[in-house]
$ cat final_5.csv   # CSV, C-alpha atoms
chain,number,residue,atom,x,y,z
A,1,MET,CA,-84.4,-100.2,-39.2
A,2,ILE,CA,-84.0,-96.4,-39.5
A,3,MET,CA,-85.3,-96.0,-36.0
A,4,ALA,CA,-82.6,-98.2,-34.7
A,5,LEU,CA,-79.9,-96.3,-36.6
A,6,VAL,CA,-81.0,-93.0,-35.3
A,7,SER,CA,-81.4,-94.1,-31.7
A,8,ALA,CA,-78.0,-95.8,-31.7
A,9,GLY,CA,-76.3,-92.8,-33.3
A,10,ALA,CA,-77.8,-90.4,-30.8
A,11,ALA,CA,-77.0,-92.5,-27.8
A,12,THR,CA,-73.4,-93.0,-29.0
A,13,LEU,CA,-72.6,-89.4,-29.7
A,14,SER,CA,-74.0,-87.9,-26.5
A,15,ALA,CA,-75.8,-89.0,-23.4
A,16,GLN,CA,-77.3,-85.5,-23.3
A,17,VAL,CA,-79.4,-85.7,-26.5
A,18,PRO,CA,-83.1,-86.3,-25.6
A,19,ALA,CA,-85.1,-88.7,-27.7
A,20,ASP,CA,-87.9,-86.2,-28.2
A,21,THR,CA,-88.6,-87.2,-31.9
A,22,VAL,CA,-88.8,-90.8,-32.8
A,23,ARG,CA,-90.2,-92.2,-36.0
A,24,VAL,CA,-90.5,-95.7,-37.5
A,25,ILE,CA,-89.9,-95.8,-41.2
A,26,ASP,CA,-90.5,-99.0,-43.2
A,27,ASN,CA,-88.9,-99.8,-46.5
A,28,ALA,CA,-86.1,-97.2,-46.0
A,29,ARG,CA,-83.5,-96.9,-48.8
A,30,ASN,CA,-80.3,-95.0,-49.4
A,31,VAL,CA,-79.7,-94.5,-45.6
A,32,ILE,CA,-76.8,-91.9,-45.2
A,33,ILE,CA,-75.4,-90.8,-41.8
A,34,THR,CA,-73.0,-87.8,-41.9
A,35,SER,CA,-71.3,-85.9,-39.1
A,36,LYS,CA,-69.6,-82.4,-39.3
A,37,ASP,CA,-68.8,-79.7,-36.7
A,38,GLY,CA,-70.6,-81.6,-33.9
A,39,LYS,CA,-73.8,-82.1,-35.9
A,40,THR,CA,-74.9,-85.5,-37.1
A,41,THR,CA,-77.5,-85.8,-40.0
A,42,VAL,CA,-79.4,-89.0,-41.0
A,43,THR,CA,-81.1,-89.0,-44.4
A,44,ALA,CA,-83.1,-91.8,-46.1
A,45,ASP,CA,-85.5,-92.4,-49.0
A,46,TYR,CA,-88.8,-94.2,-48.4
A,47,THR,CA,-92.3,-94.8,-49.8
A,48,ASP,CA,-95.4,-94.0,-47.8
A,49,ARG,CA,-98.7,-96.0,-47.7
A,50,GLU,CA,-100.0,-94.1,-50.7
A,51,GLY,CA,-96.9,-95.1,-52.7
A,52,SER,CA,-95.4,-91.6,-52.8
A,53,ALA,CA,-91.6,-91.4,-52.8
A,54,LEU,CA,-90.4,-89.3,-49.9
A,55,LYS,CA,-87.2,-88.3,-48.1
A,56,PHE,CA,-86.5,-88.5,-44.4
A,57,ARG,CA,-84.0,-86.2,-42.6
A,58,TYR,CA,-83.0,-86.2,-38.9
A,59,ASP,CA,-80.5,-83.8,-37.3
A,60,VAL,CA,-78.7,-84.3,-34.0
A,61,ASP,CA,-76.6,-81.6,-32.3
A,62,VAL,CA,-73.9,-83.1,-30.1
A,63,VAL,CA,-73.4,-81.5,-26.7
A,64,PRO,CA,-70.4,-82.7,-24.6
A,65,SER,CA,-71.3,-84.2,-21.3
A,66,ASP,CA,-69.7,-82.9,-18.2
A,67,ASP,CA,-70.6,-86.1,-16.4
A,68,ILE,CA,-68.7,-88.1,-19.0
A,69,ASP,CA,-65.7,-85.9,-18.6
A,70,ARG,CA,-65.7,-86.3,-14.9
A,71,GLU,CA,-66.2,-90.0,-15.1
A,72,PHE,CA,-63.5,-90.7,-17.7
A,73,SER,CA,-60.9,-88.0,-16.8
A,74,ASP,CA,-57.3,-88.2,-18.0
A,75,ASN,CA,-56.0,-89.3,-14.6
A,76,TRP,CA,-58.6,-92.1,-14.3
A,77,GLY,CA,-59.7,-90.7,-11.0
A,78,MET,CA,-56.3,-91.0,-9.4
A,79,ASP,CA,-54.0,-88.2,-8.2
A,80,PHE,CA,-50.2,-88.9,-8.6
A,81,PRO,CA,-47.6,-86.8,-6.7
A,82,PHE,CA,-45.6,-84.3,-8.8
A,83,ILE,CA,-48.1,-84.6,-11.7
A,84,GLY,CA,-50.4,-81.7,-12.1
A,85,PRO,CA,-54.0,-81.9,-13.3
A,86,ARG,CA,-54.9,-81.9,-17.0
A,87,CYS,CA,-54.2,-78.5,-18.6
A,88,ILE,CA,-56.7,-77.4,-21.2
A,89,ASP,CA,-54.8,-74.3,-22.3
A,90,CYS,CA,-51.3,-75.7,-21.8
A,91,GLU,CA,-50.2,-74.6,-25.3
A,92,GLU,CA,-51.1,-71.0,-24.6
A,93,LYS,CA,-49.4,-71.1,-21.2
A,94,ARG,CA,-46.2,-72.6,-22.7
A,95,HIS,CA,-46.3,-69.8,-25.3
A,96,ASP,CA,-46.6,-67.2,-22.5
A,97,ALA,CA,-43.7,-68.8,-20.7
A,98,LYS,CA,-41.3,-68.4,-23.6
A,99,VAL,CA,-38.6,-65.8,-23.4
A,100,ARG,CA,-39.1,-63.4,-26.3
A,101,ARG,CA,-36.5,-61.0,-27.6
A,102,TYR,CA,-37.2,-57.5,-29.0
A,103,VAL,CA,-35.1,-54.6,-30.3
A,104,THR,CA,-35.8,-51.5,-28.2
A,105,GLY,CA,-35.2,-47.8,-28.7
A,106,PHE,CA,-35.9,-44.4,-27.3
A,107,ARG,CA,-36.6,-45.6,-23.8
A,108,HIS,CA,-35.8,-44.0,-20.4
A,109,LEU,CA,-35.5,-40.4,-21.6
A,110,TYR,CA,-34.6,-38.4,-18.5
A,111,TRP,CA,-34.1,-35.0,-17.1
A,112,GLY,CA,-33.0,-34.6,-13.5
A,113,TRP,CA,-31.3,-32.5,-10.9
A,114,ARG,CA,-27.9,-33.8,-9.6
A,115,PHE,CA,-27.0,-33.2,-6.0
A,116,ASN,CA,-23.2,-33.3,-5.8
A,117,ASP,CA,-21.4,-34.9,-2.9
A,118,GLY,CA,-18.0,-35.9,-1.7
A,119,ASP,CA,-15.1,-33.4,-2.1
A,120,LYS,CA,-17.2,-31.0,-4.1
A,121,GLY,CA,-15.8,-27.7,-2.7
A,122,ASN,CA,-17.4,-24.8,-4.5
A,123,VAL,CA,-19.1,-27.0,-7.2
A,124,ARG,CA,-22.8,-26.5,-7.0
A,125,ASN,CA,-25.8,-28.7,-7.9
A,126,CYS,CA,-27.0,-28.7,-11.5
A,127,PHE,CA,-28.9,-30.7,-14.1
A,128,GLU,CA,-28.4,-33.8,-16.1
A,129,VAL,CA,-30.3,-34.8,-19.3
A,130,GLY,CA,-30.2,-37.7,-21.8
A,131,ILE,CA,-31.6,-41.0,-23.0
A,132,ARG,CA,-30.4,-44.1,-21.4
A,133,ASP,CA,-31.6,-46.6,-24.0
A,134,LEU,CA,-31.3,-45.0,-27.4
A,135,ILE,CA,-31.1,-48.5,-28.9
A,136,GLY,CA,-31.0,-51.9,-27.2
A,137,VAL,CA,-32.3,-55.4,-26.7
A,138,SER,CA,-35.0,-56.6,-24.4
A,139,TRP,CA,-35.8,-60.2,-23.2
A,140,GLN,CA,-39.4,-60.6,-21.9
A,141,ARG,CA,-41.1,-63.4,-20.1
A,142,ARG,CA,-44.6,-63.1,-18.7
A,143,GLY,CA,-44.3,-59.4,-18.5
A,144,SER,CA,-41.0,-59.3,-16.7
A,145,GLU,CA,-38.2,-57.8,-18.8
A,146,LEU,CA,-34.4,-57.6,-18.8
A,147,GLU,CA,-33.2,-54.6,-20.8
A,148,ILE,CA,-29.7,-53.9,-22.1
A,149,GLY,CA,-29.0,-50.9,-24.3
A,150,ALA,CA,-26.8,-47.9,-25.3
A,151,GLY,CA,-27.6,-44.3,-24.8
A,152,ILE,CA,-26.1,-40.8,-24.4
A,153,GLY,CA,-26.3,-38.1,-21.8
A,154,MET,CA,-24.9,-34.9,-20.4
A,155,LYS,CA,-24.1,-33.6,-16.9
A,156,ARG,CA,-23.4,-30.0,-16.0
A,157,PHE,CA,-21.5,-28.8,-12.9
A,158,SER,CA,-21.8,-25.1,-12.1
A,159,VAL,CA,-19.9,-23.2,-9.4
A,160,ALA,CA,-20.6,-20.8,-6.6
A,161,LYS,CA,-21.0,-17.1,-7.2
A,162,GLY,CA,-17.6,-15.3,-7.7
A,163,TYR,CA,-15.8,-18.6,-8.6
A,164,ALA,CA,-14.7,-19.8,-12.0
A,165,TYR,CA,-13.1,-23.0,-13.3
A,166,THR,CA,-9.4,-22.6,-13.9
A,167,LYS,CA,-6.8,-25.2,-14.9
A,168,ASN,CA,-3.4,-25.6,-13.2
A,169,GLY,CA,-1.4,-28.2,-15.1
A,170,ASP,CA,-3.8,-31.2,-15.5
A,171,ARG,CA,-6.0,-30.2,-12.6
A,172,ILE,CA,-9.3,-28.3,-13.0
A,173,LEU,CA,-10.9,-26.6,-10.0
A,174,PRO,CA,-13.2,-23.7,-9.2
A,175,VAL,CA,-11.1,-20.8,-7.9
A,176,ALA,CA,-12.3,-17.5,-6.3
A,177,MET,CA,-11.8,-14.5,-8.6
A,178,GLU,CA,-10.2,-11.3,-7.5
A,179,GLU,CA,-12.4,-8.4,-6.4
A,180,GLY,CA,-13.7,-6.4,-9.3
A,181,VAL,CA,-13.6,-9.4,-11.7
A,182,ASN,CA,-17.2,-10.0,-12.9
A,183,VAL,CA,-17.8,-13.7,-13.5
A,184,ARG,CA,-20.8,-14.0,-15.9
A,185,HIS,CA,-20.9,-17.8,-15.6
A,186,SER,CA,-18.5,-20.8,-15.3
A,187,ARG,CA,-19.4,-24.4,-15.7
A,188,LEU,CA,-18.1,-27.8,-16.6
A,189,ASP,CA,-20.0,-30.0,-19.0
A,190,MET,CA,-19.5,-33.7,-19.4
A,191,LEU,CA,-20.7,-36.0,-22.2
A,192,LEU,CA,-21.5,-39.6,-21.3
A,193,PHE,CA,-22.3,-42.8,-23.2
A,194,HIS,CA,-24.7,-45.0,-21.2
A,195,VAL,CA,-24.9,-48.8,-21.1
A,196,PRO,CA,-27.9,-49.6,-18.9
A,197,VAL,CA,-28.7,-53.1,-17.6
A,198,LEU,CA,-32.2,-52.8,-16.2
A,199,TYR,CA,-34.9,-55.1,-14.8
A,200,ASN,CA,-38.4,-53.9,-15.6
A,201,GLN,CA,-41.4,-55.4,-13.7
A,202,PRO,CA,-45.0,-54.4,-14.4
A,203,ILE,CA,-47.3,-53.9,-11.4
A,204,GLY,CA,-50.9,-54.2,-12.6
A,205,ARG,CA,-51.9,-52.6,-15.9
A,206,TYR,CA,-50.3,-49.2,-15.7
A,207,PHE,CA,-47.5,-49.3,-13.1
A,208,LYS,CA,-44.0,-50.4,-13.8
A,209,PHE,CA,-41.0,-50.7,-11.5
A,210,THR,CA,-37.4,-50.5,-12.8
A,211,LEU,CA,-34.2,-51.4,-11.0
A,212,GLY,CA,-30.7,-51.8,-12.3
A,213,GLY,CA,-27.3,-50.2,-13.0
A,214,VAL,CA,-26.0,-47.9,-15.7
A,215,LEU,CA,-22.4,-48.0,-16.9
A,216,ASN,CA,-21.2,-44.6,-17.9
A,217,LEU,CA,-18.3,-43.9,-20.3
A,218,ASN,CA,-17.3,-40.3,-19.6
A,219,THR,CA,-15.7,-39.7,-22.9
A,220,TYR,CA,-15.6,-35.9,-23.2
A,221,ALA,CA,-15.4,-33.0,-20.7
A,222,LYS,CA,-15.0,-29.3,-21.2
A,223,ALA,CA,-14.9,-26.4,-18.7
A,224,ASN,CA,-15.4,-22.7,-19.5
A,225,ALA,CA,-15.6,-19.4,-17.8
A,226,GLU,CA,-16.9,-16.1,-19.1
A,227,PHE,CA,-16.0,-12.7,-17.6
A,228,GLY,CA,-17.0,-9.0,-18.2
A,229,ASP,CA,-20.3,-7.3,-18.9
A,230,ASP,CA,-22.8,-7.0,-21.7
A,231,LYS,CA,-20.5,-4.6,-23.7
A,232,HIS,CA,-17.1,-6.3,-23.1
A,233,HIS,CA,-16.7,-9.9,-22.1
A,234,GLU,CA,-14.1,-12.6,-22.5
A,235,LYS,CA,-14.5,-16.4,-22.6
A,236,ILE,CA,-12.0,-19.0,-21.7
A,237,SER,CA,-12.4,-22.8,-22.3
A,238,TYR,CA,-10.5,-25.7,-21.0
A,239,LYS,CA,-10.3,-29.1,-22.8
A,240,GLY,CA,-8.3,-32.2,-22.3
A,241,LEU,CA,-9.6,-32.8,-18.8
A,242,GLN,CA,-8.5,-36.0,-16.9
A,243,GLN,CA,-11.9,-37.3,-15.7
A,244,ASN,CA,-12.3,-41.0,-14.8
A,245,LEU,CA,-13.4,-42.8,-18.0
A,246,VAL,CA,-15.8,-45.3,-16.3
A,247,THR,CA,-18.3,-44.7,-13.5
A,248,VAL,CA,-21.4,-46.7,-12.5
A,249,ASP,CA,-24.8,-45.5,-11.3
A,250,ALA,CA,-27.4,-47.4,-9.4
A,251,LEU,CA,-30.9,-46.6,-10.8
A,252,ALA,CA,-34.5,-47.1,-9.6
A,253,ALA,CA,-37.6,-45.7,-11.3
A,254,VAL,CA,-41.4,-46.0,-11.0
A,255,ASN,CA,-43.5,-45.4,-14.1
A,256,ILE,CA,-47.2,-44.8,-14.6
A,257,GLY,CA,-48.4,-45.1,-18.2
A,258,GLY,CA,-45.1,-44.0,-19.7
A,259,PHE,CA,-44.4,-41.2,-17.3
A,260,GLY,CA,-42.3,-41.7,-14.2
A,261,ILE,CA,-39.7,-40.5,-11.7
A,262,TYR,CA,-36.2,-41.9,-11.2
A,263,ALA,CA,-33.5,-41.8,-8.5
A,264,SER,CA,-29.9,-42.6,-9.2
A,265,TRP,CA,-26.8,-42.8,-7.0
A,266,SER,CA,-23.2,-42.4,-8.2
A,267,PRO,CA,-20.8,-43.9,-5.7
A,268,MET,CA,-17.7,-43.6,-7.9
A,269,LYS,CA,-15.6,-40.4,-8.1
A,270,LEU,CA,-15.7,-38.4,-11.3
A,271,PHE,CA,-12.1,-37.1,-10.9
A,272,ASN,CA,-9.2,-38.4,-9.0
A,273,LYS,CA,-7.9,-35.7,-6.6
A,274,LYS,CA,-4.9,-34.7,-8.6
A,275,TYR,CA,-7.0,-34.0,-11.7
A,276,GLY,CA,-10.1,-32.3,-10.2
A,277,PRO,CA,-12.8,-32.3,-7.5
A,278,GLU,CA,-13.6,-35.8,-6.2
A,279,LEU,CA,-17.3,-35.5,-7.1
A,280,LYS,CA,-19.9,-38.1,-6.2
A,281,GLY,CA,-23.6,-37.5,-6.2
A,282,TRP,CA,-27.2,-38.6,-6.6
A,283,SER,CA,-30.1,-37.5,-8.8
A,284,LEU,CA,-33.8,-37.1,-8.9
A,285,GLY,CA,-35.8,-36.5,-12.0
A,286,ILE,CA,-38.3,-37.4,-14.7
A,287,ASP,CA,-38.1,-40.7,-16.6
A,288,LEU,CA,-40.1,-41.3,-19.8
A,289,ASP,CA,-40.5,-44.9,-20.9
A,290,PHE,CA,-43.1,-45.6,-23.6

$ encode --input "final_5.csv" --output "structure tokens"
Amino acid sequence: MIMALVSAGAATLSAQVPADTVRVIDNARNVIITSKDGKTTVTADYTDREGSALKFRYDVDVVPSDDIDREFSDNWGMDFPFIGPRCIDCEEKRHDAKVRRYVTGFRHLYWGWRFNDGDKGNVRNCFEVGIRDLIGVSWQRRGSELEIGAGIGMKRFSVAKGYAYTKNGDRILPVAMEEGVNVRHSRLDMLLFHVPVLYNQPIGRYFKFTLGGVLNLNTYAKANAEFGDDKHHEKISYKGLQQNLVTVDALAAVNIGGFGIYASWSPMKLFNKKYGPELKGWSLGIDLDF
């Protein structure tokens, strides 16, 4: 009896379990079959020929059969159009396909050199610095990312030697100084608030490519000029400049392990002609995105 139970249980659970141990037990009592974690155990009480009470135990490890899986697959051996094969890790793939939202911050710190273009006159190239995404929101799906944030930056516009910014009415322009007037320096600084809309795409493990646009709110501008020498000097400042409030930059960057380079292009004029130089420009610089 116990032999039949053991053989039937092993055959039912797996076609791969070899019958390498078979024993016939007479007068078996209290036969118990348990199964847990792929392992089946058969126990029974019996009496041997000398009349001694003994206990029998038989363990079977269940090994899934690849042949059975192939023979009784989910699609019953038939392929239907527009229906993919059985997915073992579909739950994990569905999780990866979800769009996940994160709060971001301190991304795209930059320092670059701005090359002025357009009706720049005697305005010279100078630097720009800031952080494009001081705080923002990111939507990610399988590594690809859409990033929208808010940041702050500054641009500086220097002038040619012997020139200084002066204001005539509402218009600010670099003007040549008279002979004998020593111009120590003259520059125009502009404070900007950034609203970047960027698409970030990883390339392999360490590379990342960024492409998008940055809306700039040119909220504050100030020009100054300083004259004289080390002993006697005079400084003049001009506020209330009429810069264009909104400009847009196109941005591209390549990042390797958090360190990268960026290029931006500003096709919109910084001033209308009656208020200042019609500056446009493009920039190259360092972009840090950790």

$ closest_residue --input "final_5.csv" --among "A:Asn216, A:Val181, A:Ser158, A:Glu145" --to "Phe115 in chain A" --atoms "all atoms listed in the file"
A:Ser158

$ closest_residue --input "final_5.csv" --among "A:Gly38, A:Gly257, A:Gly51, A:Pro174" --to "Phe209 in chain A" --atoms "all atoms listed in the file"
A:Gly257

$ residues_around --input "final_5.csv" --residues "range 189-191 of chain A" --least-positions-apart "6" --cutoff "9 Å" --atoms "only C-alpha atoms" --output "CSV table (one decimal) with C-alpha atoms, in the frame of the given file"
chain,number,residue,atom,x,y,z
A,152,ILE,CA,-26.1,-40.8,-24.4
A,153,GLY,CA,-26.3,-38.1,-21.8
A,154,MET,CA,-24.9,-34.9,-20.4
A,155,LYS,CA,-24.1,-33.6,-16.9
A,156,ARG,CA,-23.4,-30.0,-16.0
A,157,PHE,CA,-21.5,-28.8,-12.9
A,158,SER,CA,-21.8,-25.1,-12.1
A,217,LEU,CA,-18.3,-43.9,-20.3
A,218,ASN,CA,-17.3,-40.3,-19.6
A,219,THR,CA,-15.7,-39.7,-22.9
A,220,TYR,CA,-15.6,-35.9,-23.2
A,221,ALA,CA,-15.4,-33.0,-20.7
A,222,LYS,CA,-15.0,-29.3,-21.2
A,223,ALA,CA,-14.9,-26.4,-18.7
A,224,ASN,CA,-15.4,-22.7,-19.5

$ closest_residue --input "final_5.csv" --among "A:Arg57, A:Lys269, A:Arg107, A:Lys280" --to "Asn244 in chain A" --atoms "all atoms listed in the file"
A:Lys269

$ residues_around --input "final_5.csv" --residues "Asp117 in chain A" --least-positions-apart "3" --cutoff "7 Å" --atoms "all atoms listed in the file" --output "JSON, numbers by chain"
{"A": [120, 279, 280, 281]}

$ residues_near_point --input "final_5.csv" --point "(-43.8, -39.0, -19.9)" --cutoff "7 Å" --atoms "only C-alpha atoms" --output "MDAnalysis selection string"
chainID A and resid 258:260 287:289

$ residues_around --input "final_5.csv" --residues "Thr166 in chain A" --least-positions-apart "2" --cutoff "12 Å" --atoms "all atoms listed in the file" --output "list of chain:residue names"
A:Val159, A:Tyr163, A:Ala164, A:Asn168, A:Gly169, A:Asp170, A:Arg171, A:Ile172, A:Leu173, A:Pro174, A:Val175, A:Ala176, A:Met177, A:Ser186, A:Arg187, A:Leu188, A:Lys222, A:Ala223, A:Asn224, A:Ala225, A:Glu226, A:Lys235, A:Ile236, A:Ser237, A:Tyr238, A:Lys239, A:Leu241, A:Tyr275, A:Gly276

$ closest_residue --input "final_5.csv" --among "A:Leu245, A:Asn116, A:Asp230, A:Gln140" --to "Ser266 in chain A" --atoms "all atoms listed in the file"
A:Asn116

$ residues_around --input "final_5.csv" --residues "Gly112 in chain A" --least-positions-apart "6" --cutoff "9 Å" --atoms "only C-alpha atoms" --output "list in words"
Cys126, Phe127, Glu128, Val129, Tyr262, Ala263, Ser283, Leu284, Gly285, Ile286 and Asp287 of chain A

$ residues_around --input "final_5.csv" --residues "Asn27 in chain A" --least-positions-apart "4" --cutoff "12 Å" --atoms "all atoms listed in the file" --output "ChimeraX atom specification"
/A:1-3,31,44-49,51,53-56

$ closest_residue --input "final_5.csv" --among "A:Leu215, A:Arg100, A:Tyr58, A:Val24" --to "Arg141 in chain A" --atoms "only C-alpha atoms"
A:Arg100
